[in-house]
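Have a look at work.cif below; it lists mmCIF, C-alpha atoms.
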```
data_my_file
loop_
_atom_site.label_atom_id
_atom_site.label_comp_id
_atom_site.auth_asym_id
_atom_site.auth_seq_id
_atom_site.Cartn_x
_atom_site.Cartn_y
_atom_site.Cartn_z
CA MET A 1 0.00 0.00 0.00
CA SER A 2 1.37 3.40 -0.93
CA ILE A 3 1.96 6.06 1.73
CA PHE A 4 -0.69 8.20 0.10
CA LYS A 5 -3.24 5.43 0.36
CA TYR A 6 -2.22 4.73 3.96
CA LEU A 7 -2.74 8.35 4.97
CA LYS A 8 -6.06 8.47 3.17
CA LYS A 9 -7.19 5.36 4.95
CA ARG A 10 -6.19 6.69 8.34
CA ASN A 11 -8.46 9.72 8.00
CA SER A 12 -11.36 7.86 6.44
CA THR A 13 -14.84 7.59 7.91
CA ALA A 14 -14.31 3.82 8.08
CA SER A 15 -11.42 4.28 10.50
CA VAL A 16 -13.53 6.65 12.60
CA ALA A 17 -16.21 3.94 12.68
CA LYS A 18 -13.69 1.31 13.74
CA GLU A 19 -12.29 3.46 16.53
CA ARG A 20 -15.77 4.32 17.87
CA LEU A 21 -16.78 0.67 17.78
CA GLN A 22 -13.66 -0.50 19.59
CA ILE A 23 -14.28 1.97 22.41
CA ILE A 24 -18.00 1.30 22.91
CA ILE A 25 -17.69 -2.47 22.52
CA SER A 26 -14.86 -2.79 25.01
CA HIS A 27 -16.91 -0.72 27.45
CA GLU A 28 -20.01 -2.87 26.90
CA ARG A 29 -18.03 -6.10 27.19
CA SER A 30 -16.62 -5.03 30.55
CA GLN A 31 -20.17 -4.60 31.84
CA ARG A 32 -21.47 -7.78 30.26
CA ASN A 33 -20.47 -10.11 33.06
CA ALA A 34 -21.22 -7.67 35.83
CA PRO A 35 -23.69 -9.04 38.38
CA ASP A 36 -27.17 -7.52 38.42
CA TYR A 37 -26.80 -6.18 41.94
CA LEU A 38 -23.91 -3.86 41.05
CA PRO A 39 -26.00 -0.74 40.21
CA LYS A 40 -28.02 -1.16 43.43
CA LEU A 41 -24.82 -1.67 45.44
CA GLN A 42 -23.46 1.53 43.93
CA GLU A 43 -26.66 3.41 44.87
CA GLU A 44 -26.50 2.22 48.48
CA ILE A 45 -22.80 2.99 48.89
CA LEU A 46 -23.45 6.42 47.43
CA ALA A 47 -26.25 6.97 49.95
CA VAL A 48 -23.99 6.05 52.87
CA ILE A 49 -21.18 8.33 51.74
CA ALA A 50 -23.63 11.14 51.03
CA LYS A 51 -24.68 11.05 54.70
CA TYR A 52 -21.23 12.35 55.65
CA ILE A 53 -19.86 14.11 52.60
CA PRO A 54 -21.72 16.17 50.01
CA ILE A 55 -21.06 14.09 46.93
CA SER A 56 -22.66 13.59 43.54
CA ARG A 57 -23.58 10.44 41.68
CA ASP A 58 -20.75 10.52 39.15
CA GLN A 59 -18.07 10.80 41.86
CA VAL A 60 -18.57 7.23 43.01
CA SER A 61 -17.85 4.27 40.81
CA VAL A 62 -18.11 0.60 41.64
CA SER A 63 -16.71 -2.14 39.44
CA LEU A 64 -16.12 -5.83 39.74
CA GLU A 65 -13.19 -7.38 37.93
CA ARG A 66 -12.42 -11.05 37.64
CA MET A 67 -8.81 -12.12 37.80
CA GLY A 68 -8.40 -15.85 37.44
CA ASP A 69 -10.33 -17.47 40.26
CA SER A 70 -10.75 -14.38 42.38
CA ALA A 71 -12.71 -11.19 41.91
CA VAL A 72 -11.83 -7.65 42.95
CA LEU A 73 -14.54 -5.24 43.95
CA GLU A 74 -13.19 -1.79 43.25
CA LEU A 75 -14.72 1.29 44.84
CA ASN A 76 -13.61 4.71 43.64
CA VAL A 77 -14.72 7.86 45.39
CA THR A 78 -13.59 11.25 44.16
CA MET A 79 -13.67 13.58 47.15
CA PRO A 80 -15.12 17.03 46.50
CA GLU A 81 -12.82 19.98 47.30
CA GLU A 82 -14.93 21.27 50.22
CA ALA A 83 -14.58 17.93 51.95
CA LEU A 84 -10.80 18.00 51.49
CA GLU A 85 -10.53 21.41 53.17
CA GLU A 86 -12.06 20.01 56.32
CA ILE A 87 -9.46 17.28 56.63
CA MET B 1 -29.28 -36.18 15.98
CA ALA B 2 -29.53 -33.03 13.91
CA LYS B 3 -27.13 -30.13 14.22
CA ILE B 4 -29.02 -26.97 15.15
CA ILE B 5 -27.86 -23.75 13.48
CA VAL B 6 -29.25 -20.36 14.46
CA VAL B 7 -29.03 -17.48 12.01
CA THR B 8 -28.98 -14.38 14.16
CA SER B 9 -27.80 -10.75 14.20
CA GLY B 10 -29.56 -8.57 16.74
CA LYS B 11 -30.15 -5.84 14.21
CA GLY B 12 -32.95 -6.14 11.67
CA GLY B 13 -32.60 -5.90 7.91
CA VAL B 14 -29.06 -7.25 7.70
CA GLY B 15 -30.00 -10.41 5.79
CA LYS B 16 -30.97 -13.08 8.32
CA THR B 17 -33.88 -14.49 6.33
CA THR B 18 -31.98 -14.29 3.02
CA THR B 19 -29.13 -16.13 4.74
CA SER B 20 -31.41 -18.73 6.36
CA ALA B 21 -32.95 -19.46 2.96
CA ALA B 22 -29.54 -19.68 1.27
CA ILE B 23 -27.83 -21.73 3.98
CA SER B 24 -30.66 -24.26 4.32
CA SER B 25 -30.92 -24.67 0.53
CA GLY B 26 -27.14 -24.98 0.26
CA LEU B 27 -26.98 -27.71 2.92
CA ALA B 28 -29.82 -29.61 1.26
CA LEU B 29 -28.13 -29.29 -2.14
CA GLN B 30 -25.11 -30.98 -0.57
CA GLY B 31 -27.34 -33.94 0.26
CA HIS B 32 -28.10 -33.16 3.90
CA LYS B 33 -31.72 -33.44 4.95
CA THR B 34 -32.46 -29.93 6.20
CA VAL B 35 -35.37 -28.05 7.72
CA VAL B 36 -35.51 -24.28 8.08
CA VAL B 37 -37.70 -22.96 10.90
CA ASP B 38 -39.08 -19.41 11.02
CA PHE B 39 -38.94 -18.11 14.61
CA ASP B 40 -40.26 -14.66 13.71
CA ILE B 41 -43.71 -15.20 15.20
CA GLY B 42 -46.16 -12.54 14.05
CA LEU B 43 -43.97 -11.39 11.16
CA ARG B 44 -43.75 -14.49 9.01
CA ASN B 45 -41.42 -13.86 6.07
CA LEU B 46 -39.26 -16.90 5.43
CA ASP B 47 -42.12 -18.46 3.42
CA ILE B 48 -42.22 -15.56 0.94
CA ILE B 49 -38.42 -15.54 0.55
CA MET B 50 -38.54 -19.31 -0.08
CA GLY B 51 -41.46 -18.91 -2.51
CA CYS B 52 -43.90 -21.16 -0.64
CA GLU B 53 -46.19 -18.51 0.89
CA ARG B 54 -49.28 -19.93 -0.82
CA ARG B 55 -48.65 -23.43 0.45
CA VAL B 56 -48.76 -22.56 4.17
CA VAL B 57 -51.61 -24.39 5.89
CA TYR B 58 -50.36 -25.05 9.40
CA ASP B 59 -47.49 -23.37 11.22
CA PHE B 60 -44.99 -23.69 14.08
CA ILE B 61 -47.50 -22.55 16.73
CA ASN B 62 -50.17 -24.99 15.46
CA VAL B 63 -47.65 -27.79 15.98
CA ILE B 64 -46.70 -26.56 19.47
CA ASN B 65 -50.40 -26.35 20.44
CA GLY B 66 -51.09 -29.81 19.05
CA GLU B 67 -53.50 -28.46 16.40
CA ALA B 68 -51.48 -30.07 13.61
CA SER B 69 -48.81 -32.71 13.32
CA LEU B 70 -45.27 -31.84 12.31
CA ASN B 71 -45.72 -33.60 8.98
CA GLN B 72 -48.85 -31.56 8.25
CA ALA B 73 -47.03 -28.29 8.92
CA LEU B 74 -43.75 -29.04 7.12
CA ILE B 75 -43.63 -27.74 3.55
CA LYS B 76 -41.47 -29.71 1.15
CA ASP B 77 -39.47 -27.48 -1.16
CA LYS B 78 -40.33 -27.99 -4.83
CA ARG B 79 -36.84 -27.29 -6.21
CA VAL B 80 -34.45 -28.81 -3.71
CA PRO B 81 -35.04 -32.38 -2.55
CA GLN B 82 -34.19 -32.91 1.13
CA LEU B 83 -35.34 -29.36 2.01
CA PHE B 84 -38.32 -28.56 4.24
CA ILE B 85 -39.76 -25.33 5.66
CA LEU B 86 -41.60 -24.83 8.94
CA PRO B 87 -43.36 -21.46 8.68
CA ALA B 88 -43.95 -19.06 11.58
CA SER B 89 -47.39 -18.20 12.83
CA GLN B 90 -49.02 -14.83 12.15
CA THR B 91 -50.46 -14.67 15.67
CA ARG B 92 -50.02 -11.46 17.61
CA ASP B 93 -49.74 -13.35 20.87
CA LYS B 94 -46.08 -13.00 21.70
CA ASP B 95 -46.19 -15.69 24.37
CA ALA B 96 -47.26 -18.30 21.82
CA LEU B 97 -43.72 -19.73 21.73
CA SER B 98 -43.20 -21.75 24.88
CA MET B 99 -39.84 -23.16 25.88
CA GLU B 100 -41.27 -26.69 26.25
CA GLY B 101 -43.11 -26.42 22.94
CA VAL B 102 -39.98 -25.35 21.06
CA GLU B 103 -37.94 -28.10 22.70
CA LYS B 104 -40.50 -30.75 21.74
CA VAL B 105 -40.67 -29.62 18.09
CA LEU B 106 -36.86 -29.41 17.80
CA ASN B 107 -36.50 -32.86 19.36
CA ASP B 108 -38.99 -34.34 16.91
CA LEU B 109 -37.25 -32.64 13.96
CA SER B 110 -33.87 -33.74 15.27
CA ALA B 111 -34.82 -37.39 14.83
CA GLU B 112 -35.53 -36.92 11.12
CA PHE B 113 -33.13 -34.25 9.88
CA ASP B 114 -29.37 -33.68 9.59
CA PHE B 115 -29.61 -29.91 10.02
CA ILE B 116 -32.17 -27.60 11.62
CA VAL B 117 -31.70 -23.97 10.58
CA CYS B 118 -33.43 -21.51 12.92
CA ASP B 119 -34.21 -18.13 11.35
CA SER B 120 -34.14 -15.73 14.31
CA PRO B 121 -36.22 -12.57 14.52
CA ALA B 122 -34.39 -9.27 15.07
CA GLY B 123 -33.94 -7.97 18.60
CA ILE B 124 -33.24 -9.80 21.85
CA GLU B 125 -36.81 -10.65 22.87
CA THR B 126 -38.35 -14.10 23.45
CA GLY B 127 -38.38 -15.19 19.79
CA ALA B 128 -34.70 -14.41 19.31
CA LEU B 129 -33.75 -16.06 22.62
CA MET B 130 -35.75 -19.21 21.75
CA ALA B 131 -34.18 -19.41 18.30
CA MET B 132 -30.68 -19.50 19.80
CA TYR B 133 -31.38 -21.42 23.01
CA TYR B 134 -30.88 -24.95 21.64
CA ALA B 135 -28.25 -24.04 19.00
CA ASP B 136 -25.01 -25.91 18.34
CA HIS B 137 -23.84 -23.34 15.79
CA ALA B 138 -24.60 -19.66 15.36
CA ILE B 139 -24.20 -17.80 12.10
CA VAL B 140 -23.92 -14.15 13.09
CA VAL B 141 -25.02 -12.04 10.13
CA THR B 142 -23.34 -8.64 10.19
CA ASN B 143 -23.23 -5.64 7.87
CA PRO B 144 -20.01 -3.57 7.76
CA GLU B 145 -21.73 -0.74 9.61
CA VAL B 146 -21.50 0.48 13.22
CA SER B 147 -24.95 -0.39 14.55
CA SER B 148 -24.90 -3.87 13.05
CA VAL B 149 -21.42 -4.67 14.41
CA ARG B 150 -22.36 -3.41 17.87
CA ASP B 151 -25.57 -5.48 17.92
CA SER B 152 -23.66 -8.55 16.75
CA ASP B 153 -21.29 -8.17 19.68
CA ARG B 154 -24.28 -7.95 22.01
CA ILE B 155 -25.66 -11.16 20.47
CA LEU B 156 -22.29 -12.88 21.00
CA GLY B 157 -22.55 -11.98 24.68
CA ILE B 158 -26.02 -13.53 24.87
CA LEU B 159 -24.89 -16.66 23.00
CA ALA B 160 -22.14 -17.09 25.58
CA SER B 161 -24.45 -16.77 28.58
CA LYS B 162 -28.10 -17.48 27.77
CA THR B 163 -28.01 -20.59 25.56
CA LYS B 164 -28.61 -24.14 26.77
CA ARG B 165 -24.98 -25.02 26.11
CA ALA B 166 -23.81 -22.07 28.22
CA ILE B 167 -26.22 -22.79 31.06
CA GLU B 168 -25.33 -26.50 31.18
CA ASN B 169 -21.61 -25.70 31.02
CA ARG B 170 -21.16 -27.74 27.84
CA PRO B 171 -18.81 -26.71 25.01
CA PRO B 172 -20.00 -23.29 23.79
CA VAL B 173 -22.10 -22.60 20.70
CA GLN B 174 -19.76 -22.45 17.69
CA GLU B 175 -19.89 -18.93 16.30
CA HIS B 176 -19.42 -18.03 12.65
CA LEU B 177 -19.24 -14.50 11.27
CA LEU B 178 -21.04 -13.91 7.97
CA LEU B 179 -20.42 -10.44 6.60
CA THR B 180 -23.18 -9.38 4.20
CA ARG B 181 -23.82 -6.41 1.89
CA TYR B 182 -20.07 -5.95 1.49
CA ASP B 183 -18.89 -3.40 -1.04
CA PRO B 184 -15.14 -3.72 -1.74
CA GLU B 185 -15.09 -0.50 -3.74
CA ARG B 186 -16.34 1.53 -0.81
CA VAL B 187 -13.95 -0.31 1.53
CA GLU B 188 -11.06 0.69 -0.72
CA LYS B 189 -12.20 4.31 -0.62
CA GLY B 190 -12.26 4.16 3.18
CA GLU B 191 -16.03 4.58 3.30
CA MET B 192 -16.84 1.17 4.74
CA LEU B 193 -15.43 -1.06 7.48
CA SER B 194 -13.27 -3.80 5.96
CA VAL B 195 -13.47 -7.56 6.55
CA GLU B 196 -10.35 -7.25 8.72
CA ASP B 197 -11.86 -4.42 10.77
CA VAL B 198 -15.01 -6.40 11.59
CA LYS B 199 -13.05 -9.58 12.25
CA GLU B 200 -10.75 -7.74 14.62
CA ILE B 201 -13.63 -6.16 16.54
CA LEU B 202 -15.88 -9.22 16.86
CA ALA B 203 -13.03 -11.75 17.11
CA ILE B 204 -14.89 -14.82 15.81
CA PRO B 205 -14.04 -17.01 12.79
CA LEU B 206 -15.24 -15.72 9.42
CA ILE B 207 -17.35 -18.12 7.40
CA GLY B 208 -18.07 -15.93 4.41
CA VAL B 209 -18.40 -12.51 2.85
CA ILE B 210 -21.51 -11.88 0.75
CA PRO B 211 -21.09 -8.91 -1.58
CA GLU B 212 -23.78 -6.24 -1.98
CA SER B 213 -25.58 -7.73 -4.94
CA LYS B 214 -28.53 -7.07 -7.20
CA ALA B 215 -29.10 -10.83 -7.26
CA VAL B 216 -30.44 -10.75 -3.68
CA LEU B 217 -33.44 -8.52 -4.47
CA LYS B 218 -34.04 -10.36 -7.73
CA ALA B 219 -34.09 -13.65 -5.83
CA SER B 220 -36.52 -12.39 -3.20
CA ASN B 221 -38.78 -10.89 -5.90
CA THR B 222 -39.26 -14.36 -7.34
CA GLY B 223 -39.15 -16.33 -4.09
CA THR B 224 -35.97 -18.20 -4.96
CA PRO B 225 -33.14 -18.64 -2.42
CA VAL B 226 -30.25 -16.63 -3.90
CA ILE B 227 -27.92 -19.64 -3.66
CA LEU B 228 -29.95 -21.22 -6.50
CA ASP B 229 -28.84 -18.34 -8.76
CA GLU B 230 -25.63 -20.19 -9.33
CA ALA B 231 -24.03 -17.63 -11.59
CA SER B 232 -24.59 -14.67 -9.26
CA ASP B 233 -21.86 -13.27 -7.02
CA ALA B 234 -24.03 -13.62 -3.89
CA GLY B 235 -24.99 -17.17 -4.89
CA ILE B 236 -21.35 -18.17 -5.31
CA ALA B 237 -20.40 -16.49 -2.03
CA TYR B 238 -23.10 -18.46 -0.19
CA GLN B 239 -21.95 -21.71 -1.82
CA ASP B 240 -18.43 -20.98 -0.56
CA ALA B 241 -19.78 -20.30 2.94
CA ILE B 242 -21.59 -23.67 2.91
CA ALA B 243 -18.42 -25.46 1.81
CA ARG B 244 -16.49 -23.79 4.66
CA PHE B 245 -19.22 -24.69 7.13
CA LEU B 246 -18.91 -28.32 6.05
CA GLY B 247 -15.15 -28.22 6.67
CA GLU B 248 -13.67 -27.33 3.31
CA SER B 249 -11.20 -24.45 3.13
CA ARG B 250 -11.81 -21.94 0.36
CA PRO B 251 -10.29 -18.52 -0.23
CA MET B 252 -12.61 -15.53 0.26
CA ARG B 253 -13.94 -14.05 -2.95
CA PHE B 254 -15.44 -10.63 -3.71
CA ILE B 255 -13.42 -8.88 -1.00
CA SER B 256 -11.20 -6.79 -3.23
CA THR B 257 -11.98 -4.75 -6.31
CA GLU B 258 -9.29 -6.44 -8.43
CA ARG B 259 -10.98 -9.77 -8.05
CA LYS B 260 -14.40 -8.42 -8.76
CA GLY B 261 -14.60 -9.27 -12.43
CA ILE B 262 -12.15 -11.37 -14.35
CA LEU B 263 -13.62 -10.15 -17.64
CA ARG B 264 -13.40 -6.52 -16.65
CA ARG B 265 -9.87 -7.05 -15.49
CA LEU B 266 -8.86 -8.67 -18.75
CA PHE B 267 -10.49 -6.06 -20.95
CA GLY B 268 -9.53 -3.24 -18.62
CA LYS B 269 -5.88 -4.23 -18.80
CA ASN B 270 -5.93 -4.53 -22.56
CA LYS B 271 -7.35 -1.06 -22.83
CA GLU B 272 -4.64 0.33 -20.61
CA ASP B 273 -1.96 -1.50 -22.57
CA ALA B 274 -3.31 0.01 -25.77
CA LEU B 275 -3.11 3.47 -24.29
CA VAL B 276 0.51 2.94 -23.29
#
```

What is this file in structure tokens?
Amino acid sequence: MSIFKYLKKRNSTASVAKERLQIIISHERSQRNAPDYLPKLQEEILAVIAKYIPISRDQVSVSLERMGDSAVLELNVTMPEEALEEI
Amino acid sequence: MAKIIVVTSGKGGVGKTTTSAAISSGLALQGHKTVVVDFDIGLRNLDIIMGCERRVVYDFINVINGEASLNQALIKDKRVPQLFILPASQTRDKDALSMEGVEKVLNDLSAEFDFIVCDSPAGIETGALMAMYYADHAIVVTNPEVSSVRDSDRILGILASKTKRAIENRPPVQEHLLLTRYDPERVEKGEMLSVEDVKEILAIPLIGVIPESKAVLKASNTGTPVILDEASDAGIAYQDAIARFLGESRPMRFISTERKGILRRLFGKNKEDALV
């Protein structure tokens, strides 16, 4: 393939399509095996944290990752700046 | 025991029924006794693609409800010996398909046939889930287009978790990618996802590439499975896919513009030579 053709291909709509698909599909695959209770778990954890710290929905994320025969439940909380000042 | 093949895609309009008609005819032409079952309850269409719409008396749901025997409902194809069609019902009752009913019919068919081809409806509702539940093989029909590829990936996830094989922890359903409506000219211009792109994203073995072809509409106009149009590009591509399904290895055709027409290439070259 000539360099010209390569460059043309890189900027084509087909390559945009491929890139978008790779991103959304890898995201959807990671959620595919997630247990059904995960969203509810996230809601309840959020509610507990919100009792102490003013926090919004998108600052808490819960994910479950399988590694071989064990699973890791990962909880990420981004602390708001006001809360940090108090510490 | 018959092998059960589901033709599925998630997205509608990608060529499931065209493929079911072609694959079942192709298997029967190879001497395998084959039945193709329409699972699209309420939107019966396999019969019209197969050209037997005026011969439907009883349907899948009649058999499940015991209102007709399997032999009364099966329609024998007039062109291909060894090929039978079980049409879908036109009922609007979406709970008409019961798990036990489907299992009973498939078991009865399994005793008589080599292959059972299940034409799945679009979507991921009951009909689609039933069509894939008992499958040994899945032909995932995909267009080189974002929504179709995404839906196919979703279907692959369901095949891996919601089928009988998955639930019983048996070897998984064998997945085959069938890329349809492929236009090598547009791929070359960078306007369409290529075979490699789709293969890389979905990561399942490719069983065939069916080119965008006028023969497909012509075939459905006359109610002839396109594989019977032996001279057409789509017909040849489906024959290749059947051969690969049955274990033969054949190179992919119609995936690059150079290979598109031998005649055009010959004459095209001569013309160029003359100009030089």

Go through the shown structure with the PyMOL selection byres ((chain A) within 7 of (chain B)) and write out the matching residues as a PyMOL selection string.
chain A and resi 9+12-14+17-18+21-22+25

Go through the shown structure with the PyMOL selection byres ((chain B and resi 73-78) around 8) and write out the matching residues as a ChimeraX atom specification.
/B:52,55-60,62-63,68-72,79-87

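For the set B:Leu27, B:Leu178, B:Leu46, B:Met99, the residue with the smallest atom-to-atom gap to B:Gly223 is B:Leu46, counting all atoms listed in the file.
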
Go through B:Glu175, B:Glu230, B:Glu53, B:Asp40 and flag the residue nearest B:Thr91, using only C-alpha atoms for the distances.
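Closest candidate: B:Asp40.
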
B:Lys94 environment, 9 Å, all atoms listed in the file, sequence neighbours closer than 3 positions dropped, as number ranges by chain
B: 41-42, 91, 97, 126-127

For the file shown, what are the residues hit by the PyMOL selection byres ((chain B and resi 121) around 9), laid out as a ChimeraX atom specification?
/B:8-10,12,16-17,38-41,43,119-120,122-125,127-128,131

What gap, in Å, lies between atom CA of B:Cys118 and atom CA of B:Ser20?
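Computing the Euclidean distance for atom CA of B:Cys118 and atom CA of B:Ser20 yields 7.4 Å.
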
Write out as a ChimeraX atom specification each polymer residue whose atoms come within 9 Å of B:Met50, counting all atoms listed in the file; drop sequence neighbours fewer than 5 positions from it.
/B:18,21,45,77,85,220,222-225

Using all atoms listed in the file, find the one residue out of A:Ile53, A:Val16, A:Ile24, A:Ser63 that sits nearest to A:Pro39.
A:Ser63

The residues within 10 Å of (-20.9, 12.7, 40.7), using only C-alpha atoms and the coordinates of the file, should be reported as a PyMOL selection string; which are they?
chain A and resi 46+54-61+77-80

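If you look at atom CA of B:Ser98 and atom CA of B:Asn65, they are 9.6 Å away from each other.
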
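Between atom CA of B:Ala28 and atom CA of B:Ala203 the interatomic distance comes to 29.2 Å.
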
N, CA and C atoms restored at stretch 191-219 of chain B, emitted as a short mmCIF file (atom, residue, chain, number, x, y, z; two decimals), keeping the file's coordinate frame:
```cif
data_model
loop_
_atom_site.label_atom_id
_atom_site.label_comp_id
_atom_site.auth_asym_id
_atom_site.auth_seq_id
_atom_site.Cartn_x
_atom_site.Cartn_y
_atom_site.Cartn_z
N GLU B 191 -14.68 4.19 2.90
CA GLU B 191 -16.03 4.58 3.30
C GLU B 191 -16.76 3.48 4.04
N MET B 192 -16.14 2.31 4.12
CA MET B 192 -16.84 1.17 4.74
C MET B 192 -15.84 0.35 5.54
N LEU B 193 -16.29 -0.18 6.68
CA LEU B 193 -15.43 -1.06 7.48
C LEU B 193 -15.00 -2.25 6.63
N SER B 194 -13.76 -2.68 6.76
CA SER B 194 -13.27 -3.80 5.96
C SER B 194 -13.53 -5.12 6.68
N VAL B 195 -13.35 -6.23 5.94
CA VAL B 195 -13.47 -7.56 6.55
C VAL B 195 -12.57 -7.65 7.78
N GLU B 196 -11.32 -7.17 7.62
CA GLU B 196 -10.35 -7.25 8.72
C GLU B 196 -10.82 -6.45 9.94
N ASP B 197 -11.37 -5.25 9.67
CA ASP B 197 -11.86 -4.42 10.77
C ASP B 197 -12.91 -5.17 11.59
N VAL B 198 -13.90 -5.73 10.89
CA VAL B 198 -15.01 -6.40 11.59
C VAL B 198 -14.51 -7.65 12.30
N LYS B 199 -13.61 -8.38 11.63
CA LYS B 199 -13.05 -9.58 12.25
C LYS B 199 -12.31 -9.25 13.54
N GLU B 200 -11.54 -8.15 13.46
CA GLU B 200 -10.75 -7.74 14.62
C GLU B 200 -11.66 -7.34 15.78
N ILE B 201 -12.75 -6.64 15.48
CA ILE B 201 -13.63 -6.16 16.54
C ILE B 201 -14.43 -7.32 17.16
N LEU B 202 -15.01 -8.16 16.33
CA LEU B 202 -15.88 -9.22 16.86
C LEU B 202 -15.09 -10.46 17.30
N ALA B 203 -13.92 -10.66 16.70
CA ALA B 203 -13.03 -11.75 17.11
C ALA B 203 -13.69 -13.13 17.09
N ILE B 204 -14.40 -13.44 16.02
CA ILE B 204 -14.89 -14.82 15.81
C ILE B 204 -14.53 -15.23 14.38
N PRO B 205 -14.45 -16.55 14.12
CA PRO B 205 -14.04 -17.01 12.79
C PRO B 205 -15.01 -16.57 11.68
N LEU B 206 -14.46 -16.18 10.57
CA LEU B 206 -15.24 -15.72 9.42
C LEU B 206 -15.63 -16.91 8.56
N ILE B 207 -16.92 -17.00 8.23
CA ILE B 207 -17.35 -18.12 7.40
C ILE B 207 -17.65 -17.69 5.97
N GLY B 208 -17.81 -16.39 5.77
CA GLY B 208 -18.07 -15.93 4.41
C GLY B 208 -18.30 -14.44 4.33
N VAL B 209 -18.11 -13.91 3.13
CA VAL B 209 -18.40 -12.51 2.85
C VAL B 209 -19.34 -12.48 1.64
N ILE B 210 -20.54 -11.95 1.84
CA ILE B 210 -21.51 -11.88 0.75
C ILE B 210 -21.49 -10.45 0.21
N PRO B 211 -21.16 -10.28 -1.06
CA PRO B 211 -21.09 -8.91 -1.58
C PRO B 211 -22.48 -8.30 -1.73
N GLU B 212 -22.55 -6.97 -1.64
CA GLU B 212 -23.78 -6.24 -1.98
C GLU B 212 -24.10 -6.64 -3.41
N SER B 213 -25.31 -7.14 -3.63
CA SER B 213 -25.58 -7.73 -4.94
C SER B 213 -27.01 -7.53 -5.38
N LYS B 214 -27.17 -7.23 -6.65
CA LYS B 214 -28.53 -7.07 -7.20
C LYS B 214 -29.26 -8.41 -7.21
N ALA B 215 -28.50 -9.48 -7.19
CA ALA B 215 -29.10 -10.83 -7.26
C ALA B 215 -29.99 -11.11 -6.05
N VAL B 216 -29.68 -10.47 -4.90
CA VAL B 216 -30.44 -10.75 -3.68
C VAL B 216 -31.89 -10.27 -3.81
N LEU B 217 -32.08 -9.04 -4.29
CA LEU B 217 -33.44 -8.52 -4.47
C LEU B 217 -34.16 -9.29 -5.57
N LYS B 218 -33.43 -9.60 -6.64
CA LYS B 218 -34.04 -10.36 -7.73
C LYS B 218 -34.53 -11.72 -7.23
N ALA B 219 -33.72 -12.34 -6.38
CA ALA B 219 -34.09 -13.65 -5.83
C ALA B 219 -35.32 -13.54 -4.95
#
```
